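The file my_file_3.pdb contains PDB, C-alpha atoms:
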```pdb
ATOM      1  CA  MET A   1     186.280 -39.377-167.525
ATOM      2  CA  LYS A   2     182.910 -40.840-168.622
ATOM      3  CA  GLN A   3     184.044 -44.374-167.826
ATOM      4  CA  GLN A   4     185.305 -43.331-164.400
ATOM      5  CA  VAL A   5     182.019 -41.603-163.526
ATOM      6  CA  ILE A   6     179.919 -44.572-164.647
ATOM      7  CA  THR A   7     182.207 -46.912-162.678
ATOM      8  CA  GLU A   8     181.720 -44.773-159.557
ATOM      9  CA  TRP A   9     177.956 -44.712-160.082
ATOM     10  CA  TYR A  10     177.978 -48.471-160.531
ATOM     11  CA  SER A  11     179.764 -48.861-157.198
ATOM     12  CA  GLN A  12     177.307 -46.541-155.483
ATOM     13  CA  TYR A  13     174.001 -47.553-157.026
ATOM     14  CA  SER A  14     174.162 -51.003-158.628
ATOM     15  CA  ASN A  15     172.917 -52.890-155.548
ATOM     16  CA  SER A  16     170.007 -50.521-155.095
ATOM     17  CA  ILE A  17     169.096 -50.657-158.787
ATOM     18  CA  PHE A  18     169.392 -54.440-158.786
ATOM     19  CA  SER A  19     166.982 -54.756-155.848
ATOM     20  CA  TYR A  20     164.570 -52.317-157.527
ATOM     21  CA  ILE A  21     164.547 -54.376-160.735
ATOM     22  CA  LEU A  22     164.227 -57.585-158.717
ATOM     23  CA  LEU A  23     161.129 -56.162-157.026
ATOM     24  CA  MET A  24     159.680 -55.521-160.473
ATOM     25  CA  ILE A  25     160.420 -58.867-162.122
ATOM     26  CA  HIS A  26     161.186 -61.368-159.308
ATOM     27  CA  GLU A  27     163.933 -63.158-161.235
ATOM     28  CA  HIS A  28     167.454 -62.906-159.820
ATOM     29  CA  GLN A  29     169.574 -63.588-162.918
ATOM     30  CA  LEU A  30     167.405 -61.444-165.152
ATOM     31  CA  ALA A  31     167.566 -58.602-162.606
ATOM     32  CA  GLU A  32     171.370 -58.841-162.707
ATOM     33  CA  ASP A  33     171.345 -58.721-166.515
ATOM     34  CA  LEU A  34     168.992 -55.743-166.599
ATOM     35  CA  THR A  35     171.100 -53.948-163.982
ATOM     36  CA  HIS A  36     174.165 -54.329-166.193
ATOM     37  CA  GLU A  37     172.161 -53.220-169.218
ATOM     38  CA  THR A  38     171.048 -50.142-167.273
ATOM     39  CA  PHE A  39     174.658 -49.088-166.758
ATOM     40  CA  ILE A  40     175.574 -49.837-170.371
ATOM     41  CA  LYS A  41     172.729 -47.544-171.467
ATOM     42  CA  ALA A  42     173.852 -44.910-168.952
ATOM     43  CA  TYR A  43     177.342 -45.067-170.432
ATOM     44  CA  LYS A  44     175.983 -44.666-173.963
ATOM     45  CA  LYS A  45     173.613 -41.852-172.943
ATOM     46  CA  TYR A  46     176.028 -40.151-170.554
ATOM     47  CA  ASP A  47     176.249 -37.023-172.693
ATOM     48  CA  SER A  48     172.476 -36.553-172.393
ATOM     49  CA  PHE A  49     172.696 -36.379-168.579
ATOM     50  CA  LYS A  50     172.389 -32.680-167.845
ATOM     51  CA  GLY A  51     172.450 -32.871-164.050
ATOM     52  CA  ASP A  52     168.866 -31.595-163.661
ATOM     53  CA  SER A  53     168.270 -34.560-161.369
ATOM     54  CA  SER A  54     170.625 -36.618-159.231
ATOM     55  CA  PRO A  55     172.598 -39.399-160.930
ATOM     56  CA  LYS A  56     170.646 -41.901-158.816
ATOM     57  CA  THR A  57     167.306 -40.590-160.086
ATOM     58  CA  TRP A  58     168.556 -40.632-163.676
ATOM     59  CA  LEU A  59     169.861 -44.198-163.327
ATOM     60  CA  PHE A  60     166.607 -45.426-161.746
ATOM     61  CA  SER A  61     164.692 -43.909-164.638
ATOM     62  CA  ILE A  62     166.912 -45.799-167.089
ATOM     63  CA  ALA A  63     166.485 -48.992-165.020
ATOM     64  CA  ARG A  64     162.709 -48.624-165.019
ATOM     65  CA  HIS A  65     162.535 -48.078-168.786
ATOM     66  CA  THR A  66     165.008 -50.899-169.471
ATOM     67  CA  THR A  67     162.916 -53.309-167.402
ATOM     68  CA  ILE A  68     159.615 -52.198-168.938
ATOM     69  CA  ASP A  69     161.069 -52.513-172.447
ATOM     70  CA  TYR A  70     162.291 -56.013-171.669
ATOM     71  CA  VAL A  71     158.890 -57.073-170.306
ATOM     72  CA  ARG A  72     157.071 -55.631-173.331
ATOM     73  CA  LYS A  73     159.296 -57.571-175.733
ATOM     74  CA  ARG A  74     158.644 -60.891-174.017
ATOM     75  CA  LYS A  75     155.649 -62.973-174.830
ATOM     76  CA  PRO A  76     152.918 -62.064-172.336
ATOM     77  CA  VAL A  77     152.055 -65.686-171.578
ATOM     78  CA  SER A  78     155.611 -66.680-170.663
ATOM     79  CA  TYR A  79     156.046 -63.500-168.635
ATOM     80  CA  LEU A  80     152.812 -64.101-166.753
ATOM     81  CA  LYS A  81     153.824 -67.699-166.056
ATOM     82  CA  GLU A  82     157.208 -66.645-164.642
ATOM     83  CA  PHE A  83     155.741 -63.653-162.830
ATOM     84  CA  LEU A  84     153.236 -65.804-160.967
ATOM     85  CA  SER A  85     155.716 -68.502-159.969
ATOM     86  CA  PHE A  86     157.698 -67.559-156.893
ATOM     87  CA  LYS A  87     161.070 -69.227-156.351
ATOM     88  CA  THR A  88     162.293 -69.868-152.812
ATOM     89  CA  ASP A  89     165.705 -70.777-151.465
ATOM     90  CA  LYS A  90     166.014 -74.373-150.292
ATOM     91  CA  GLY A  91     168.966 -74.001-147.924
ATOM     92  CA  PRO A  92     168.528 -74.084-144.142
ATOM     93  CA  LEU A  93     168.167 -70.633-142.607
ATOM     94  CA  PRO A  94     168.054 -69.349-139.014
ATOM     95  CA  ASP A  95     164.585 -68.608-137.613
ATOM     96  CA  GLU A  96     164.980 -64.839-137.841
ATOM     97  CA  VAL A  97     166.041 -64.954-141.491
ATOM     98  CA  VAL A  98     163.127 -67.257-142.298
ATOM     99  CA  GLN A  99     160.708 -64.819-140.627
ATOM    100  CA  ILE A 100     162.118 -61.858-142.594
ATOM    101  CA  LYS A 101     162.005 -63.881-145.798
ATOM    102  CA  GLU A 102     158.379 -64.870-145.186
ATOM    103  CA  SER A 103     157.429 -61.250-144.484
ATOM    104  CA  SER A 104     159.195 -60.150-147.655
ATOM    105  CA  ARG A 105     157.462 -62.852-149.667
ATOM    106  CA  GLU A 106     154.100 -61.758-148.272
ATOM    107  CA  LEU A 107     154.839 -58.155-149.224
ATOM    108  CA  PHE A 108     156.034 -59.157-152.720
ATOM    109  CA  GLU A 109     152.915 -61.253-153.263
ATOM    110  CA  ALA A 110     150.634 -58.430-152.147
ATOM    111  CA  LEU A 111     152.542 -55.901-154.277
ATOM    112  CA  ARG A 112     152.190 -58.126-157.334
ATOM    113  CA  GLN A 113     148.415 -58.018-156.935
ATOM    114  CA  LEU A 114     148.296 -54.213-157.090
ATOM    115  CA  LYS A 115     147.926 -52.046-160.168
ATOM    116  CA  LYS A 116     151.291 -51.321-161.764
ATOM    117  CA  THR A 117     151.039 -47.595-161.003
ATOM    118  CA  TYR A 118     150.453 -48.337-157.308
ATOM    119  CA  ARG A 119     153.277 -50.872-157.226
ATOM    120  CA  ASP A 120     155.738 -48.464-158.889
ATOM    121  CA  VAL A 121     155.007 -45.638-156.465
ATOM    122  CA  ILE A 122     155.173 -47.859-153.360
ATOM    123  CA  ILE A 123     158.457 -49.423-154.452
ATOM    124  CA  LEU A 124     160.107 -46.091-155.259
ATOM    125  CA  ARG A 125     158.731 -44.021-152.353
ATOM    126  CA  LYS A 126     158.512 -46.528-149.520
ATOM    127  CA  LEU A 127     160.960 -49.311-150.317
ATOM    128  CA  LYS A 128     163.622 -47.360-152.209
ATOM    129  CA  GLU A 129     162.962 -44.166-150.233
ATOM    130  CA  PHE A 130     163.047 -41.734-153.133
ATOM    131  CA  SER A 131     161.572 -38.290-152.520
ATOM    132  CA  THR A 132     158.287 -37.325-154.126
ATOM    133  CA  LYS A 133     160.185 -35.166-156.622
ATOM    134  CA  GLU A 134     162.640 -37.957-157.524
ATOM    135  CA  THR A 135     159.805 -40.462-157.883
ATOM    136  CA  ALA A 136     157.970 -38.065-160.196
ATOM    137  CA  GLU A 137     161.107 -37.698-162.318
ATOM    138  CA  ILE A 138     161.634 -41.457-162.540
ATOM    139  CA  LEU A 139     157.986 -42.107-163.428
ATOM    140  CA  ASN A 140     157.802 -39.054-165.687
ATOM    141  CA  CYS A 141     154.759 -37.577-163.956
ATOM    142  CA  SER A 142     153.895 -34.724-161.625
ATOM    143  CA  GLU A 143     154.623 -34.652-157.899
ATOM    144  CA  SER A 144     150.906 -34.304-157.171
ATOM    145  CA  LYS A 145     150.264 -37.476-159.212
ATOM    146  CA  VAL A 146     152.864 -39.330-157.106
ATOM    147  CA  LYS A 147     151.246 -38.086-153.874
ATOM    148  CA  SER A 148     147.694 -38.960-154.904
ATOM    149  CA  THR A 149     148.741 -42.363-156.257
ATOM    150  CA  LEU A 150     150.598 -43.144-153.023
ATOM    151  CA  ASN A 151     147.558 -42.070-150.992
ATOM    152  CA  ARG A 152     145.477 -44.627-152.901
ATOM    153  CA  ALA A 153     148.195 -47.282-153.121
ATOM    154  CA  ILE A 154     148.898 -47.684-149.401
ATOM    155  CA  PRO A 155     145.262 -48.514-148.488
ATOM    156  CA  ALA A 156     145.113 -50.839-151.511
ATOM    157  CA  LEU A 157     148.245 -52.637-150.287
ATOM    158  CA  GLU A 158     146.844 -52.917-146.770
ATOM    159  CA  LYS A 159     143.584 -54.283-148.180
ATOM    160  CA  GLN A 160     145.520 -56.824-150.261
ATOM    161  CA  LEU A 161     147.571 -57.904-147.235
ATOM    162  CA  LEU A 162     144.362 -58.305-145.218
ATOM    163  CA  LYS A 163     142.707 -60.234-148.029
ATOM    164  CA  GLU A 164     145.625 -62.638-148.211
ATOM    165  CA  GLY A 165     145.598 -63.060-144.431
ATOM    166  CA  TYR A 166     148.976 -61.436-143.846
ATOM    167  CA  LEU A 167     147.609 -58.637-141.653
ATOM    168  CA  HIS A 168     145.015 -58.621-138.951
ATOM    169  CA  GLU A 169     142.578 -55.715-138.945
ATOM    170  CA  ASN A 170     143.709 -54.749-135.440
ATOM    171  CA  SER A 171     147.314 -54.305-136.594
ATOM    172  CA  ILE A 172     146.597 -51.629-139.196
TER     173      ILE A 172
END
```
Can the structure in the file be given as structure tokens, please?
Amino acid sequence: MKQQVITEWYSQYSNSIFSYILLMIHEHQLAEDLTHETFIKAYKKYDSFKGDSSPKTWLFSIARHTTIDYVRKRKPVSYLKEFLSFKTDKGPLPDEVVQIKESSRELFEALRQLKKTYRDVIILRKLKEFSTKETAEILNCSESKVKSTLNRAIPALEKQLLKEGYLHENSI
């Protein structure tokens, strides 16, 4: 039963969890590894899941903690070096895909410049589209904290995008 449930959750949520982790660490293979580790931990901790939150919220919380634990264990200098280097694909892409990729890169770069608390809330609420309640559960804080952080994070992101020349003041 437990294995079947985890397998179903993996089918439903692994892509979303992978992209969430990738937004946090910007390293494809490592994001895949941490996604798998998230589901291994979910399997091991399955009996502790009481259903107070949705399985998706519970899994994202595990993914967040798994990623944070991994980052903390790494040497800060090597993490910073990898975090600041951005890898791009070298294959030819159609114009539309290139435009989307450039916009995504601009957003990722601006997000990386924000405080971690701002980045976490923007990723969960705006990119992953979690509710305020689900975001609060994942981040282990109050709903009012999520709301106030988001209210400060969005202007900070806009300011960062302006600073880096990705937005024009008229477009905000």
Distance query Tyr10 (chain A) at most 12 Å, all atoms listed in the file, self and fewer than 4 positions along chain excluded, as a PyMOL selection string | chain A and resi 3-6+14-18+35-40+42-43+55-56+59-60
Let me know the residues the PyMOL selection byres ((chain A and resi 136) around 12) catches in the file above, as a VMD selection string.
-> chain A and resid 53 57 to 58 60 to 61 117 120 to 121 124 to 125 130 to 135 137 to 150
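For the set A:Leu161, A:Glu27, A:Lys128, A:Ser48, the residue with the smallest atom-to-atom gap to Tyr13 (chain A) is A:Lys128, counting only C-alpha atoms.
The smallest atom-to-atom distance between His26 (chain A) and any of A:Gln12, A:Thr67, A:Thr7, A:Ser54, using all atoms listed in the file, is found for A:Thr67.
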Point-to-point distance in Å for CA of His65 (chain A) and CA of Pro155 (chain A) |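 Spanning CA of Pro155 (chain A) to CA of His65 (chain A) is a straight-line distance of 26.7 Å.
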What is the distance, in Å and to one decimal place, between CA of Arg105 (chain A) and CA of Arg72 (chain A)?
->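 Taking CA of Arg105 (chain A) as the start and CA of Arg72 (chain A) as the end point, the length is 24.7 Å.
A straight line drawn from CA of Ala31 (chain A) to CA of Thr66 (chain A) is 10.6 Å long.
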Measuring atom to atom with all atoms listed in the file, identify which of A:Ile68, A:Ile25, A:Ala110, A:Leu127 is nearest to Leu162 (chain A).
->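 Between A:Ile68, A:Ile25, A:Ala110, A:Leu127, the residue approaching Leu162 (chain A) most closely is A:Ala110.
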